[in-house]
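Structure file work24.txt (compact mmCIF, C-alpha atoms) is printed below.
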# COMPACT_ATOMS: atom_id res chain seq x y z
CA MET A 1 0.00 0.00 0.00
CA GLN A 2 1.33 3.43 -0.95
CA LEU A 3 -0.46 6.77 -1.00
CA LEU A 4 0.35 8.61 -4.22
CA ASN A 5 -1.44 11.96 -4.13
CA LEU A 6 -4.02 13.67 -1.97
CA THR A 7 -6.11 16.77 -2.63
CA LEU A 8 -7.86 18.63 0.20
CA LYS A 9 -10.56 21.17 -0.65
CA ASN A 10 -12.32 23.26 2.01
CA PHE A 11 -11.04 20.88 4.69
CA ARG A 12 -10.56 22.93 7.87
CA GLY A 13 -7.97 25.58 6.89
CA PHE A 14 -7.05 24.06 3.52
CA GLU A 15 -8.92 25.87 0.75
CA LYS A 16 -7.30 23.73 -1.93
CA GLN A 17 -3.97 21.92 -1.71
CA GLU A 18 -2.49 18.89 -3.43
CA PHE A 19 0.30 16.67 -2.10
CA GLU A 20 2.42 14.14 -4.01
CA PHE A 21 3.86 11.31 -1.93
CA THR A 22 6.64 8.76 -2.40
CA LYS A 23 7.91 5.77 -0.42
CA GLY A 24 9.64 6.20 2.91
CA ILE A 25 9.12 8.92 5.50
CA GLN A 26 7.00 11.93 4.52
CA HIS A 27 7.87 14.68 7.02
CA PHE A 28 5.55 17.68 7.40
CA VAL A 29 7.06 20.66 9.22
CA GLY A 30 5.72 24.06 10.24
CA GLU A 31 4.56 26.13 13.15
CA ASN A 32 1.50 25.18 15.19
CA ALA A 33 -1.91 25.77 13.59
CA HIS A 34 -0.51 25.83 10.05
CA GLY A 35 -1.94 22.53 8.80
CA LYS A 36 0.36 19.66 9.80
CA THR A 37 -2.07 17.84 12.07
CA THR A 38 -4.99 18.67 9.76
CA LEU A 39 -3.24 16.80 6.96
CA LEU A 40 -2.93 13.67 9.12
CA GLU A 41 -6.53 14.15 10.19
CA ALA A 42 -7.58 14.03 6.52
CA ILE A 43 -5.69 10.76 5.99
CA TYR A 44 -7.18 9.32 9.17
CA PHE A 45 -10.67 10.33 8.06
CA LEU A 46 -10.23 8.54 4.73
CA ALA A 47 -9.12 5.41 6.58
CA THR A 48 -11.80 5.38 9.29
CA GLY A 49 -14.58 7.87 8.58
CA HIS A 50 -13.71 9.54 11.90
CA SER A 51 -11.66 12.48 13.13
CA PHE A 52 -9.23 12.07 16.02
CA ARG A 53 -9.84 15.72 17.00
CA THR A 54 -13.63 16.12 17.03
CA HIS A 55 -16.84 14.10 17.14
CA HIS A 56 -18.62 16.79 15.09
CA LEU A 57 -17.74 16.25 11.45
CA GLY A 58 -19.17 19.66 10.59
CA ASP A 59 -16.03 21.08 12.25
CA LEU A 60 -14.03 19.68 9.32
CA VAL A 61 -15.76 22.00 6.82
CA MET A 62 -13.89 25.25 6.18
CA TYR A 63 -15.60 28.29 7.65
CA SER A 64 -18.19 29.81 5.26
CA LYS A 65 -18.03 26.76 2.96
CA GLU A 66 -20.79 24.15 2.60
CA THR A 67 -18.81 20.94 2.08
CA PHE A 68 -15.27 19.57 2.10
CA LEU A 69 -13.70 17.24 -0.45
CA LEU A 70 -10.89 14.71 0.02
CA ASP A 71 -9.56 13.06 -3.13
CA LEU A 72 -6.93 10.31 -2.88
CA HIS A 73 -5.09 8.11 -5.36
CA PHE A 74 -3.14 5.19 -3.94
CA ASP A 75 -1.35 2.05 -5.07
CA GLY A 76 -3.21 -0.98 -3.74
CA HIS A 77 -2.88 -4.60 -4.88
CA GLY A 78 -0.59 -3.39 -7.68
CA PHE A 79 -3.16 -0.99 -9.17
CA VAL A 80 -3.77 2.75 -8.85
CA GLN A 81 -7.05 3.14 -6.97
CA HIS A 82 -9.22 6.17 -6.29
CA LEU A 83 -11.08 7.17 -3.14
CA GLN A 84 -13.13 10.35 -2.79
CA VAL A 85 -15.20 11.64 0.14
CA GLN A 86 -17.37 14.75 0.11
CA SER A 87 -19.28 15.81 3.21
CA ASP A 88 -21.10 18.68 4.86
CA GLY A 89 -20.70 17.01 8.26
CA LYS A 90 -24.06 15.22 8.14
CA ASN A 91 -24.46 13.95 4.57
CA HIS A 92 -21.59 12.01 3.05
CA HIS A 93 -20.78 11.11 -0.55
CA VAL A 94 -18.22 8.30 -0.69
CA VAL A 95 -16.92 6.91 -3.99
CA PHE A 96 -14.34 4.14 -4.20
CA ASN A 97 -13.19 3.14 -7.69
CA SER A 98 -16.44 4.50 -9.20
CA THR A 99 -18.60 2.60 -6.66
CA LEU A 100 -20.87 4.73 -4.50
CA TYR A 101 -20.88 3.77 -0.80
CA SER A 102 -23.80 4.49 1.51
CA SER A 103 -21.96 4.76 4.84
CA LEU A 104 -18.68 6.02 6.24
CA TYR A 105 -18.35 2.66 8.02
CA GLN A 106 -17.60 1.15 4.60
CA LEU A 107 -14.29 3.03 4.56
CA TYR A 108 -12.88 0.54 7.06
CA GLY A 109 -10.51 -1.89 5.39
CA ILE A 110 -9.82 0.19 2.26
CA LEU A 111 -6.79 1.97 3.70
CA PRO A 112 -4.92 -0.09 6.33
CA ALA A 113 -3.57 2.74 8.46
CA VAL A 114 -2.42 3.39 12.00
CA VAL A 115 -2.34 6.98 13.25
CA MET A 116 -0.35 8.02 16.33
CA THR A 117 -1.35 11.37 17.83
CA THR A 118 -0.60 13.33 20.98
CA GLU A 119 -4.08 12.35 22.21
CA ASP A 120 -3.07 8.65 22.27
CA ILE A 121 -1.77 9.15 25.79
CA ASP A 122 -5.46 9.33 26.79
CA ILE A 123 -5.58 5.56 26.20
CA ILE A 124 -3.35 5.30 29.25
CA LYS A 125 -4.44 8.30 31.32
CA LYS A 126 -8.21 8.36 30.99
CA GLY A 127 -11.06 5.95 31.63
CA PRO A 128 -12.22 2.65 30.12
CA GLU A 129 -14.09 4.36 27.26
CA GLU A 130 -10.80 5.48 25.69
CA ARG A 131 -9.36 1.95 25.79
CA ARG A 132 -12.56 0.41 24.39
CA HIS A 133 -12.48 2.95 21.57
CA PHE A 134 -8.87 2.01 20.81
CA LEU A 135 -9.80 -1.69 20.69
CA ASP A 136 -12.84 -1.03 18.54
CA LEU A 137 -10.92 0.98 15.94
CA HIS A 138 -8.23 -1.69 15.92
CA LEU A 139 -10.82 -4.39 15.15
CA PHE A 140 -13.01 -2.37 12.76
CA SER A 141 -10.27 -2.42 10.13
CA GLN A 142 -9.82 -6.20 10.40
CA ASP A 143 -13.27 -7.70 10.90
CA PRO A 144 -16.42 -6.44 9.08
CA LEU A 145 -18.55 -8.73 11.27
CA TYR A 146 -17.20 -6.92 14.34
CA VAL A 147 -18.42 -3.62 12.84
CA TYR A 148 -21.84 -5.21 12.25
CA HIS A 149 -22.17 -6.54 15.80
CA HIS A 150 -20.86 -3.29 17.29
CA GLN A 151 -23.64 -1.30 15.58
CA ARG A 152 -26.22 -4.00 16.40
CA TYR A 153 -25.16 -4.04 20.07
CA LYS A 154 -25.50 -0.26 20.39
CA ARG A 155 -29.04 -0.35 18.98
CA ALA A 156 -30.15 -3.22 21.24
CA LEU A 157 -28.50 -1.61 24.27
CA LYS A 158 -30.30 1.67 23.65
CA GLN A 159 -33.63 -0.17 23.40
CA ARG A 160 -33.06 -2.15 26.64
CA ASN A 161 -32.07 1.01 28.48
CA MET A 162 -35.28 2.71 27.33
CA MET A 163 -37.30 -0.25 28.63
CA LEU A 164 -35.52 -0.06 31.97
CA LYS A 165 -36.01 3.68 32.25
CA PHE A 166 -39.76 3.55 31.58
CA LYS A 167 -40.21 0.13 33.27
CA LYS A 168 -41.80 -1.40 30.19
CA LEU A 169 -40.49 -4.96 30.43
CA LYS A 170 -43.06 -6.93 28.44
CA HIS A 171 -40.64 -7.92 25.65
CA ILE A 172 -37.32 -7.22 27.35
CA ASP A 173 -36.23 -10.88 27.19
CA ILE A 174 -36.36 -10.70 23.38
CA PHE A 175 -34.06 -7.69 23.34
CA GLU A 176 -31.76 -9.31 25.89
CA LYS A 177 -31.31 -12.30 23.60
CA GLU A 178 -30.43 -9.98 20.71
CA LEU A 179 -28.13 -8.00 23.00
CA ALA A 180 -26.43 -11.20 24.22
CA LYS A 181 -25.74 -12.41 20.69
CA SER A 182 -23.77 -9.30 19.75
CA ALA A 183 -22.28 -8.88 23.22
CA ALA A 184 -20.84 -12.38 23.05
CA TYR A 185 -19.27 -11.74 19.66
CA LEU A 186 -17.68 -8.45 20.74
CA THR A 187 -16.28 -9.93 23.96
CA PHE A 188 -15.08 -13.10 22.25
CA VAL A 189 -13.20 -11.18 19.54
CA ARG A 190 -11.82 -8.61 21.97
CA LYS A 191 -10.37 -11.36 24.17
CA ASP A 192 -8.40 -12.89 21.30
CA ALA A 193 -7.34 -9.45 20.09
CA ILE A 194 -6.04 -8.46 23.53
CA ASP A 195 -4.06 -11.70 23.82
CA LEU A 196 -2.33 -10.95 20.51
CA LEU A 197 -1.94 -7.25 21.31
CA SER A 198 -0.28 -8.08 24.64
CA LYS A 199 2.18 -10.50 23.05
CA THR A 200 3.03 -7.96 20.34
CA THR A 201 3.22 -4.81 22.48
CA ALA A 202 5.37 -6.14 25.34
CA PRO A 203 8.61 -6.63 23.34
CA ILE A 204 8.15 -3.29 21.56
CA LEU A 205 7.85 -1.49 24.90
CA LEU A 206 10.89 -3.32 26.24
CA ASP A 207 12.89 -2.20 23.20
CA LEU A 208 11.73 1.44 23.27
CA SER A 209 12.39 1.69 27.03
CA ASP A 210 15.85 0.09 26.85
CA GLU A 211 14.61 -3.03 28.66
CA LYS A 212 13.25 -0.98 31.60
CA ASP A 213 9.47 -1.32 31.23
CA CYS A 214 7.70 -4.68 31.35
CA LEU A 215 4.08 -4.67 30.18
CA THR A 216 1.19 -6.86 31.26
CA MET A 217 -2.46 -6.55 30.21
CA GLU A 218 -5.68 -7.60 31.89
CA PHE A 219 -9.04 -7.86 30.13
CA LYS A 220 -11.76 -6.78 32.57
CA THR A 221 -14.90 -8.50 31.32
CA LEU A 222 -17.92 -10.57 32.40
CA THR A 223 -16.05 -13.86 32.77
CA HIS A 224 -12.59 -15.29 32.26
CA ASP A 225 -13.86 -18.84 31.82
CA PRO A 226 -12.68 -20.40 28.53
CA LEU A 227 -16.10 -20.40 26.87
CA THR A 228 -17.08 -20.98 23.27
CA LEU A 229 -18.95 -18.22 21.46
CA GLU A 230 -22.24 -20.05 21.96
CA GLU A 231 -21.53 -20.64 25.67
CA LEU A 232 -20.64 -16.97 26.12
CA GLU A 233 -23.93 -15.95 24.51
CA GLN A 234 -25.86 -18.14 26.98
CA LYS A 235 -23.80 -16.67 29.81
CA TYR A 236 -24.84 -13.17 28.78
CA ILE A 237 -28.53 -14.15 28.52
CA LYS A 238 -28.47 -15.49 32.09
CA SER A 239 -26.46 -12.52 33.37
CA TYR A 240 -28.85 -9.95 31.88
CA LEU A 241 -31.71 -11.75 33.60
CA ASP A 242 -29.82 -11.88 36.92
CA VAL A 243 -28.96 -8.16 36.96
CA ARG A 244 -32.36 -6.99 35.71
CA PRO A 245 -33.59 -5.89 39.20
CA LYS A 246 -30.40 -3.91 39.77
CA ASP A 247 -30.57 -2.43 36.26
CA LEU A 248 -34.17 -1.38 36.88
CA ASP A 249 -33.03 0.59 39.93
CA MET A 250 -30.12 2.08 37.99
CA GLN A 251 -32.24 2.61 34.84
CA THR A 252 -29.34 1.41 32.71
CA THR A 253 -27.55 -1.77 31.66
CA THR A 254 -24.66 -2.40 34.04
CA ILE A 255 -22.89 -5.32 32.31
CA GLY A 256 -21.68 -5.99 28.79
CA PRO A 257 -19.01 -4.90 26.30
CA HIS A 258 -19.83 -1.22 26.95
CA ARG A 259 -18.48 -1.71 30.50
CA GLU A 260 -15.35 -3.71 29.64
CA ASP A 261 -11.85 -2.36 30.19
CA LEU A 262 -8.26 -3.11 29.25
CA GLY A 263 -5.95 -2.96 32.26
CA LEU A 264 -2.41 -1.81 31.42
CA PHE A 265 0.41 -2.45 33.90
CA ILE A 266 4.08 -1.42 33.75
CA ASN A 267 6.35 -3.45 36.01
CA GLY A 268 3.27 -4.69 37.88
CA ASN A 269 1.82 -1.23 38.59
CA PRO A 270 -1.23 0.37 36.90
CA ALA A 271 0.23 2.57 34.18
CA ARG A 272 -2.58 5.12 34.53
CA LEU A 273 -1.63 5.83 38.14
CA PHE A 274 2.09 5.21 38.47
CA ALA A 275 3.81 5.65 35.08
CA SER A 276 5.72 8.85 34.28
CA GLU A 277 4.67 11.05 31.37
CA GLY A 278 7.46 9.60 29.24
CA GLN A 279 6.49 6.03 30.16
CA LYS A 280 2.84 6.70 29.32
CA ARG A 281 3.79 8.24 25.98
CA THR A 282 6.12 5.34 25.20
CA LEU A 283 3.42 2.81 26.09
CA ALA A 284 0.91 4.61 23.87
CA ASN A 285 3.45 4.56 21.01
CA SER A 286 4.12 0.87 21.67
CA LEU A 287 0.40 0.04 21.47
CA LYS A 288 0.10 1.81 18.12
CA LEU A 289 3.27 0.19 16.75
CA ALA A 290 1.93 -3.19 17.87
CA GLN A 291 -1.36 -2.43 16.13
CA PHE A 292 0.65 -1.62 13.00
CA GLU A 293 2.67 -4.83 13.27
CA ILE A 294 -0.51 -6.90 13.63
CA LEU A 295 -1.97 -5.27 10.52
CA GLN A 296 1.24 -6.08 8.67
CA HIS A 297 0.87 -9.78 9.44
CA THR A 298 -2.90 -10.13 9.10
CA GLY A 299 -3.73 -7.75 6.23
CA LYS A 300 -3.49 -8.32 2.51
CA GLU A 301 -1.78 -4.95 1.99
CA ALA A 302 1.13 -3.33 3.82
CA PRO A 303 -0.32 -0.65 6.11
CA PHE A 304 1.05 2.87 6.41
CA LEU A 305 1.77 4.81 9.58
CA CYS A 306 1.05 8.42 10.60
CA ILE A 307 2.66 10.09 13.63
CA ASP A 308 1.68 13.58 14.81
CA ASP A 309 4.35 15.58 16.69
CA VAL A 310 6.82 12.72 16.50
CA GLY A 311 8.93 12.24 19.62
CA ILE A 312 6.92 14.60 21.82
CA SER A 313 7.55 14.00 25.56
CA LEU A 314 10.22 11.42 24.70
CA ASP A 315 13.88 11.81 25.60
CA LEU A 316 16.54 11.62 22.88
CA GLU A 317 17.24 7.92 23.39
CA ARG A 318 13.58 6.94 23.19
CA THR A 319 13.16 9.13 20.09
CA LYS A 320 16.11 7.42 18.38
CA ARG A 321 14.70 4.01 19.19
CA LEU A 322 11.33 5.07 17.78
CA HIS A 323 13.04 6.22 14.58
CA GLN A 324 14.74 2.85 14.23
CA LYS A 325 11.30 1.25 14.31
CA LEU A 326 10.19 3.45 11.41
CA GLU A 327 13.09 2.84 9.04
CA ASN A 328 11.76 -0.40 7.56
CA ILE A 329 8.15 0.73 7.10
CA GLU A 330 7.15 1.24 3.48
CA GLN A 331 5.45 4.61 3.97
CA VAL A 332 5.29 6.82 7.07
CA PHE A 333 3.78 10.29 7.59
CA ILE A 334 5.16 12.36 10.47
CA THR A 335 4.83 15.94 11.69
CA SER A 336 7.01 18.19 13.85
CA PRO A 337 7.59 21.94 14.24
CA THR A 338 11.06 21.69 12.66
CA THR A 339 13.10 19.16 10.72
CA LEU A 340 14.68 16.39 12.78
CA PRO A 341 18.36 15.63 12.03
CA HIS A 342 18.11 11.88 12.70
CA PHE A 343 15.12 11.42 10.34
CA LYS A 344 15.90 10.87 6.66
CA ALA A 345 12.71 11.97 4.96
CA ASN A 346 10.93 13.79 2.17
CA VAL A 347 10.20 17.18 3.71
CA PHE A 348 7.02 19.22 3.17
CA ALA A 349 6.98 22.72 4.69
CA LEU A 350 3.53 24.14 5.52
CA GLU A 351 2.63 27.75 6.21
CA SER A 352 -0.94 29.02 6.70
CA PHE A 353 -2.35 25.78 5.28
CA LYS A 354 -0.32 26.05 2.09
CA LEU A 355 2.59 23.93 0.87
CA VAL A 356 5.54 26.32 0.54
CA PHE A 357 8.34 23.79 0.03
CA ALA A 358 8.76 20.11 -0.83
CA SER A 359 12.03 18.21 -1.16

I'd like the structure from this file rewritten - as structure tokens, please.
Amino acid sequence: MQLLNLTLKNFRGFEKQEFEFTKGIQHFVGENAHGKTTLLEAIYFLATGHSFRTHHLGDLVMYSKETFLLDLHFDGHGFVQHLQVQSDGKNHHVVFNSTLYSSLYQLYGILPAVVMTTEDIDIIKKGPEERRHFLDLHLFSQDPLYVYHHQRYKRALKQRNMMLKFKKLKHIDIFEKELAKSAAYLTFVRKDAIDLLSKTTAPILLDLSDEKDCLTMEFKTLTHDPLTLEELEQKYIKSYLDVRPKDLDMQTTTIGPHREDLGLFINGNPARLFASEGQKRTLANSLKLAQFEILQHTGKEAPFLCIDDVGISLDLERTKRLHQKLENIEQVFITSPTTLPHFKANVFALESFKLVFAS
């Protein structure tokens, strides 16, 4: 997989700008608020249909404009392919190789990408929702059935919560069976994914920390019994029935994938509470590099990597070790305020959302 050229039109501060990419490291430099992160945001949006900076897609439309347009050509499976997204924040027009798509969710899997941003530290620092979101995005790009069950679970969960709130329980067992079916699939897939993620992340963290930080993970879920998918579904059905009185009092569903968490421990201590800023940042980078490595081994196309403010909050040694990890990746997109001497890269200088120099 290699991105070839990207055009942004009315996307945040970019009125119209085209970029031509090659293999290796693409390094975007410039002062803050001049377009570096916005460029990575555009690539991330094409890969996921989401922004890593806002939940309101209308924020992506340039002020006083009605819609934005992202137009990308990339080399995939040995052919030049074309992806275009136009949106006003609510209505989306997605075209992939002349085929019109009906949903942004269909973008998953087209561009195998991993994006590392300064906000990734929230995976470590904040609550379970951030870690579930990380897991979900990791699995969306690999498993279309996971996307299906994730959407199905949210709909069934919303319906059960409404029944609990208004104490209308006549058909709640029907919705609990539907909820259990998707809940079991999400939990079952997450468990396997976390096992692989743990095995992949631990050696990366050891390397980046110069053998100082040992990682362990703990999946906090309904049960740790080695159940089949069908057995887990029956377990959820019984559990929803058992907690129904409590849920009626709480007026919400208190168990299920929406309450799961991924415990992260460095040298036996909870990373959220005891790790330094540099350790947290290194762990976040390690998780994303592990995600990238997993995509390399499981995907049909080589993924590409994006890193915003590369090396931020890392000392020189950790930054050098991170750079060594990037050298063998086919295509990498990084940003920083200035050029970095230890990074051999194609440099793009941005000023006021315009490309002023490219090497």

A:Leu70 surroundings by all atoms listed in the file, 12 Å radius, close-in-sequence under 3 positions cut, as a PyMOL selection string: chain A and resi 5-12+14-19+39+41-47+49+60-61+67+73+82-88+92-96

Expressed in Å to a single decimal, how great is the separation between atom CA of A:Gly278 and atom CA of A:Ala290? 18.0 Å

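For the point (-30.5, 4.0, 26.4) in file coordinates, the residues within 12 Å, using only C-alpha atoms, are Tyr153, Lys154, Arg155, Ala156, Leu157, Lys158, Gln159, Arg160, Asn161, Met162, Met163, Leu164, Lys165, Phe166, Asp247, Met250, Gln251, Thr252, Thr253, Thr254 and His258 of chain A.
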
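Checking A:Ile237, A:Ile124, A:Val147, A:Ile334 one by one against A:Phe265, counting all atoms listed in the file, you find the shortest gap at A:Ile124.
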
Which residue of A:Lys325, A:Lys126, A:Arg190, A:His50 approaches A:Gln142 most closely, using only C-alpha atoms: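 Looking at the shortest contact to A:Gln142, the residue is A:Arg190.
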
Please identify all polymer residues within 12 Å of A:Leu227, counting all atoms listed in the file, omitting same-chain residues fewer than 3 positions from it, and present them as a PyMOL selection string. chain A and resi 184-185+187-188+191+222-224+230-236

Could you check how far atom CA of A:Gln106 sits from atom CA of A:Gln331, in Å to one decimal? 23.3 Å

Looking at only C-alpha atoms, which of A:His138, A:Lys36, A:Lys280, A:Lys320 is the one that sits closest to A:Ala113?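 When distances to A:Ala113 are compared using only C-alpha atoms, the smallest one comes from A:His138.
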
Could you tell me how far atom CA of A:Thr221 sits from atom CA of A:Tyr240, in Å to one decimal place?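 One can read the atom CA of A:Tyr240 to atom CA of A:Thr221 distance as 14.0 Å.
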
Top pick for closest residue to A:Pro341, considering A:Val189, A:Leu316, A:Leu179, A:Leu355 and counting all atoms listed in the file: A:Leu316

Cut-off 12 Å: closest stretch 75-161 of chain A/stretch 197-208 of chain A atom pairs per residue, using all atoms listed in the file, as JSON lines:
{"residue": "A:Phe134", "atom": "CA", "partner": "A:Leu197", "partner_atom": "CA", "distance": 11.6}
{"residue": "A:Leu135", "atom": "CA", "partner": "A:Leu197", "partner_atom": "CA", "distance": 9.6}
{"residue": "A:His138", "atom": "CA", "partner": "A:Leu197", "partner_atom": "CA", "distance": 10.0}
{"residue": "A:Leu139", "atom": "CA", "partner": "A:Leu197", "partner_atom": "CA", "distance": 11.2}

Name the residues in contact with A:Leu295 at a cut-off of 10 Å, using all atoms listed in the file, excluding same-chain residues fewer than 4 positions from it; report them as a ChimeraX atom specification. /A:112-114,138,141-142,289-291,299-304

Please provide the set of residues having any atom within 8 Å of A:Asn285, restricted to all atoms listed in the file, with same-chain residues fewer than 4 positions apart removed, written as an NGL selection string. :A and (116 or 120 or 281 or 289)

Considering only C-alpha atoms, can you say which of A:Gly30, A:Gly24, A:Gly13, A:Gly78 comes closest to A:Val356? A:Gly30

Pick from A:Tyr101, A:Glu218, A:Ser209, A:Leu111 nearest to A:Leu305, counting all atoms listed in the file: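 For A:Leu305, the nearest of the candidates is A:Leu111.
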
May I have the residues within 9 Å of A:Pro337 as a PyMOL selection string, using all atoms listed in the file and disregarding those fewer than 5 positions away in the same chain? chain A and resi 28-32+36+309
